[in-house]
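A.B. asks: Enclosed is the structure file input36.cif (mmCIF, C-alpha atoms).
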```cif
data_final
#
loop_
_atom_site.group_PDB
_atom_site.id
_atom_site.type_symbol
_atom_site.label_atom_id
_atom_site.label_comp_id
_atom_site.auth_asym_id
_atom_site.auth_seq_id
_atom_site.Cartn_x
_atom_site.Cartn_y
_atom_site.Cartn_z
ATOM 1 C CA MET A 221 1.557 25.652 85.322
ATOM 2 C CA THR A 222 1.944 29.036 83.629
ATOM 3 C CA ASP A 223 2.332 27.233 80.288
ATOM 4 C CA GLY A 224 -0.959 25.453 80.886
ATOM 5 C CA ILE A 225 -2.742 28.706 81.714
ATOM 6 C CA ALA A 226 -1.276 30.327 78.583
ATOM 7 C CA GLN A 227 -2.598 27.451 76.480
ATOM 8 C CA GLU A 228 -6.005 27.663 78.158
ATOM 9 C CA LEU A 229 -6.194 31.405 77.416
ATOM 10 C CA HIS A 230 -4.684 31.049 73.899
ATOM 11 C CA ARG A 231 -2.024 33.641 74.722
ATOM 12 C CA PRO A 232 1.777 33.594 74.547
ATOM 13 C CA TYR A 233 3.624 32.650 77.731
ATOM 14 C CA ALA A 234 5.316 36.089 77.831
ATOM 15 C CA GLU A 235 1.958 37.826 78.364
ATOM 16 C CA LEU A 236 1.444 36.079 81.715
ATOM 17 C CA SER A 237 2.879 37.021 85.084
ATOM 18 C CA VAL A 238 4.513 34.059 86.800
ATOM 19 C CA GLU A 239 4.411 35.939 90.104
ATOM 20 C CA MET A 240 0.661 36.497 89.859
ATOM 21 C CA VAL A 241 0.102 32.831 88.982
ATOM 22 C CA TYR A 242 2.018 31.950 92.142
ATOM 23 C CA ARG A 243 -0.021 34.406 94.197
ATOM 24 C CA GLY A 244 -3.226 33.057 92.665
ATOM 25 C CA LEU A 245 -2.526 29.637 94.144
ATOM 26 C CA TYR A 246 -3.804 30.891 97.504
ATOM 27 C CA HIS A 247 -7.125 31.829 95.912
ATOM 28 C CA TYR A 248 -7.315 28.421 94.265
ATOM 29 C CA THR A 249 -6.668 26.578 97.547
ATOM 30 C CA GLN A 250 -9.493 28.517 99.194
ATOM 31 C CA ALA A 251 -11.855 27.721 96.301
ATOM 32 C CA HIS A 252 -10.779 24.072 96.451
ATOM 33 C CA LYS A 253 -11.575 23.941 100.176
ATOM 34 C CA ARG A 254 -15.048 25.274 99.389
ATOM 35 C CA ALA A 255 -15.376 22.577 96.674
ATOM 36 C CA GLU A 256 -15.741 25.234 93.966
ATOM 37 C CA SER A 257 -12.925 23.959 91.739
ATOM 38 C CA ASP A 258 -10.845 20.849 91.138
ATOM 39 C CA ASP A 259 -8.635 22.099 88.272
ATOM 40 C CA VAL A 260 -6.046 24.736 89.180
ATOM 41 C CA ILE A 261 -5.234 25.701 85.588
ATOM 42 C CA GLN A 262 -8.841 26.164 84.562
ATOM 43 C CA TYR A 263 -9.624 28.073 87.779
ATOM 44 C CA LEU A 264 -6.729 30.510 87.390
ATOM 45 C CA ALA A 265 -7.437 31.003 83.683
ATOM 46 C CA GLN A 266 -10.990 32.083 84.511
ATOM 47 C CA GLN A 267 -9.905 34.673 87.092
ATOM 48 C CA THR A 268 -9.698 38.064 85.395
ATOM 49 C CA ASP A 269 -9.105 40.094 88.554
ATOM 50 C CA LEU A 270 -5.886 38.431 89.743
ATOM 51 C CA GLY A 271 -3.619 40.149 87.217
ATOM 52 C CA ILE A 272 -2.333 36.934 85.690
ATOM 53 C CA VAL A 273 -2.376 38.484 82.219
ATOM 54 C CA LYS A 274 0.052 41.408 82.146
ATOM 55 C CA ARG A 275 -1.316 44.847 81.367
ATOM 56 C CA ILE A 276 -0.138 46.546 78.187
ATOM 57 C CA LYS A 277 2.049 49.485 79.135
ATOM 58 C CA LYS A 278 1.625 52.774 77.322
ATOM 59 C CA PRO A 279 4.782 54.275 75.812
ATOM 60 C CA PRO A 280 6.201 57.172 77.834
ATOM 61 C CA LYS A 281 5.151 60.653 76.823
ATOM 62 C CA PRO A 282 7.829 63.047 75.586
ATOM 63 C CA PRO A 283 8.772 65.732 78.100
ATOM 64 C CA ASP A 284 6.732 68.905 78.099
ATOM 65 C CA LYS A 285 8.580 71.641 76.125
ATOM 66 C CA ARG A 286 7.418 74.270 78.615
ATOM 67 C CA LEU A 287 9.262 72.487 81.396
ATOM 68 C CA THR A 288 12.499 71.848 79.496
ATOM 69 C CA SER A 289 12.762 74.982 77.357
ATOM 70 C CA TRP A 290 15.334 76.501 79.712
ATOM 71 C CA LEU A 291 17.709 73.605 78.897
ATOM 72 C CA GLU A 292 18.032 74.583 75.236
ATOM 73 C CA PRO A 293 20.685 77.151 74.300
#
```
Mind converting the file's structure to structure tokens?
C.D. replies:
Amino acid sequence: MTDGIAQELHRPYAELSVEMVYRGLYHYTQAHKRAESDDVIQYLAQQTDLGIVKRIKKPPKPPDKRLTSWLEP
């Protein structure tokens, strides 16, 4: 299913969160009960607020010299 969502979004599989796809199934079942969607892959691909696409993490900042200056000889 995650492969199908990745294809629908034109993104590599590694950019998607399998856990969030799994959690999104609850939202799909509720939408299906309300007759809002019949295609799970298309529904989950359209949801931008479920966190299915992983966020890009910023690289860590180097430590502040003022805080570590006492470590240097």
A.B. asks: Given the file shown, enumerate the residues that the PyMOL selection byres ((chain A and resi 245-248) around 10) captures and present them as a ChimeraX atom specification.
C.D. replies: /A:240-244,249-254,256-261,263-264,267,270
A.B. asks: Dump C-alpha atoms for the selected residues as a compact mmCIF listing (two decimals), in the coordinates of the input?
C.D. replies:
```txt
# COMPACT_ATOMS: atom_id res chain seq x y z
CA MET A 240 0.66 36.50 89.86
CA VAL A 241 0.10 32.83 88.98
CA TYR A 242 2.02 31.95 92.14
CA ARG A 243 -0.02 34.41 94.20
CA GLY A 244 -3.23 33.06 92.66
CA THR A 249 -6.67 26.58 97.55
CA GLN A 250 -9.49 28.52 99.19
CA ALA A 251 -11.86 27.72 96.30
CA HIS A 252 -10.78 24.07 96.45
CA LYS A 253 -11.58 23.94 100.18
CA ARG A 254 -15.05 25.27 99.39
CA GLU A 256 -15.74 25.23 93.97
CA SER A 257 -12.92 23.96 91.74
CA ASP A 258 -10.84 20.85 91.14
CA ASP A 259 -8.64 22.10 88.27
CA VAL A 260 -6.05 24.74 89.18
CA ILE A 261 -5.23 25.70 85.59
CA TYR A 263 -9.62 28.07 87.78
CA LEU A 264 -6.73 30.51 87.39
CA GLN A 267 -9.90 34.67 87.09
CA LEU A 270 -5.89 38.43 89.74
```
A.B. asks: At what distance in Å, to one decimal, does atom CA of A:Ala255 lie from atom CA of A:Ser237?
C.D. replies: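 These two atoms are separated by 26.0 Å.
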A.B. asks: Could you tell me which of A:Lys281, A:Arg286, A:Gln262, A:Val273 comes closest to A:Pro232 if we count only C-alpha atoms?
C.D. replies: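 For A:Pro232, the nearest of the given residues is A:Val273.
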A.B. asks: Using all atoms listed in the file, which residues sit within 10 Å of A:Lys274 once same-chain residues fewer than 2 positions away are excluded, as a PDB file with C-alpha atoms, in the frame of the given file?
C.D. replies:
```pdb
ATOM      1  CA  ALA A 234       5.316  36.089  77.831  1.00  0.00           C
ATOM      2  CA  GLU A 235       1.958  37.826  78.364  1.00  0.00           C
ATOM      3  CA  LEU A 236       1.444  36.079  81.715  1.00  0.00           C
ATOM      4  CA  SER A 237       2.879  37.021  85.084  1.00  0.00           C
ATOM      5  CA  VAL A 238       4.513  34.059  86.800  1.00  0.00           C
ATOM      6  CA  MET A 240       0.661  36.497  89.859  1.00  0.00           C
ATOM      7  CA  GLY A 271      -3.619  40.149  87.217  1.00  0.00           C
ATOM      8  CA  ILE A 272      -2.333  36.934  85.690  1.00  0.00           C
ATOM      9  CA  ILE A 276      -0.138  46.546  78.187  1.00  0.00           C
ATOM     10  CA  LYS A 277       2.049  49.485  79.135  1.00  0.00           C
TER      11      LYS A 277
END
```
A.B. asks: If you measure from atom CA of A:Ile225 to atom CA of A:Thr268, what distance in Å do you get, rounded to one decimal?
C.D. replies: 12.2 Å
A.B. asks: Tell me, in Å to one decimal, how far atom CA of A:Arg231 is from atom CA of A:Pro280.
C.D. replies: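 Those two atoms sit 25.1 Å apart.
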A.B. asks: Padding of 8 Å on every side, edges along x, y and z, all listed atoms of stretch 229-232 of chain A included: what centre and edge lengths in Å, to one decimal, does that box have, as lines of an AutoDock Vina configuration file?
C.D. replies:
```
center_x = -2.2
center_y = 32.3
center_z = 75.7
size_x = 24.0
size_y = 18.6
size_z = 19.5
```
A.B. asks: For N, CA, C and O atoms, please extract stretch 231-246 of chain A from the block and return it as a CSV table (one decimal), in the first residue's frame.
C.D. replies:
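Resulting contents of out-v9.csv:
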```csv
chain,number,residue,atom,x,y,z
A,231,ARG,N,6.9,10.1,-5.4
A,231,ARG,CA,8.0,10.3,-4.5
A,231,ARG,C,8.6,8.9,-4.2
A,231,ARG,O,8.0,7.9,-4.4
A,232,PRO,N,9.9,8.9,-3.8
A,232,PRO,CA,10.5,7.6,-3.4
A,232,PRO,C,9.8,7.0,-2.2
A,232,PRO,O,9.4,7.7,-1.3
A,233,TYR,N,9.8,5.7,-2.1
A,233,TYR,CA,9.2,5.0,-1.0
A,233,TYR,C,9.8,5.4,0.3
A,233,TYR,O,9.1,5.5,1.3
A,234,ALA,N,11.1,5.7,0.4
A,234,ALA,CA,11.8,6.0,1.6
A,234,ALA,C,11.3,7.4,2.2
A,234,ALA,O,11.6,7.6,3.4
A,235,GLU,N,10.7,8.2,1.4
A,235,GLU,CA,10.2,9.5,2.0
A,235,GLU,C,8.8,9.3,2.7
A,235,GLU,O,8.3,10.3,3.2
A,236,LEU,N,8.3,8.1,2.7
A,236,LEU,CA,7.0,7.9,3.3
A,236,LEU,C,7.1,7.1,4.6
A,236,LEU,O,8.0,6.3,4.8
A,237,SER,N,6.2,7.4,5.5
A,237,SER,CA,6.2,6.8,6.8
A,237,SER,C,5.2,5.6,6.8
A,237,SER,O,4.0,5.9,6.7
A,238,VAL,N,5.7,4.4,6.9
A,238,VAL,CA,4.8,3.2,6.9
A,238,VAL,C,3.9,3.3,8.1
A,238,VAL,O,2.7,3.0,8.0
A,239,GLU,N,4.4,3.7,9.3
A,239,GLU,CA,3.6,3.8,10.5
A,239,GLU,C,2.4,4.8,10.3
A,239,GLU,O,1.3,4.5,10.6
A,240,MET,N,2.7,5.9,9.6
A,240,MET,CA,1.6,6.9,9.4
A,240,MET,C,0.6,6.4,8.4
A,240,MET,O,-0.6,6.8,8.4
A,241,VAL,N,1.1,5.6,7.4
A,241,VAL,CA,0.1,5.0,6.5
A,241,VAL,C,-0.8,4.1,7.2
A,241,VAL,O,-2.0,4.1,7.1
A,242,TYR,N,-0.2,3.3,8.1
A,242,TYR,CA,-1.0,2.4,8.9
A,242,TYR,C,-2.0,3.1,9.8
A,242,TYR,O,-3.2,2.8,9.9
A,243,ARG,N,-1.6,4.2,10.4
A,243,ARG,CA,-2.5,5.0,11.3
A,243,ARG,C,-3.6,5.7,10.4
A,243,ARG,O,-4.7,6.0,10.9
A,244,GLY,N,-3.2,6.0,9.2
A,244,GLY,CA,-4.2,6.7,8.3
A,244,GLY,C,-5.3,5.8,7.9
A,244,GLY,O,-6.4,6.3,7.4
A,245,LEU,N,-5.2,4.5,8.0
A,245,LEU,CA,-6.2,3.6,7.7
A,245,LEU,C,-7.5,3.8,8.5
A,245,LEU,O,-8.6,3.7,8.0
A,246,TYR,N,-7.4,4.2,9.7
A,246,TYR,CA,-8.6,4.6,10.5
A,246,TYR,C,-9.3,5.7,9.9
A,246,TYR,O,-10.5,5.7,9.7
```
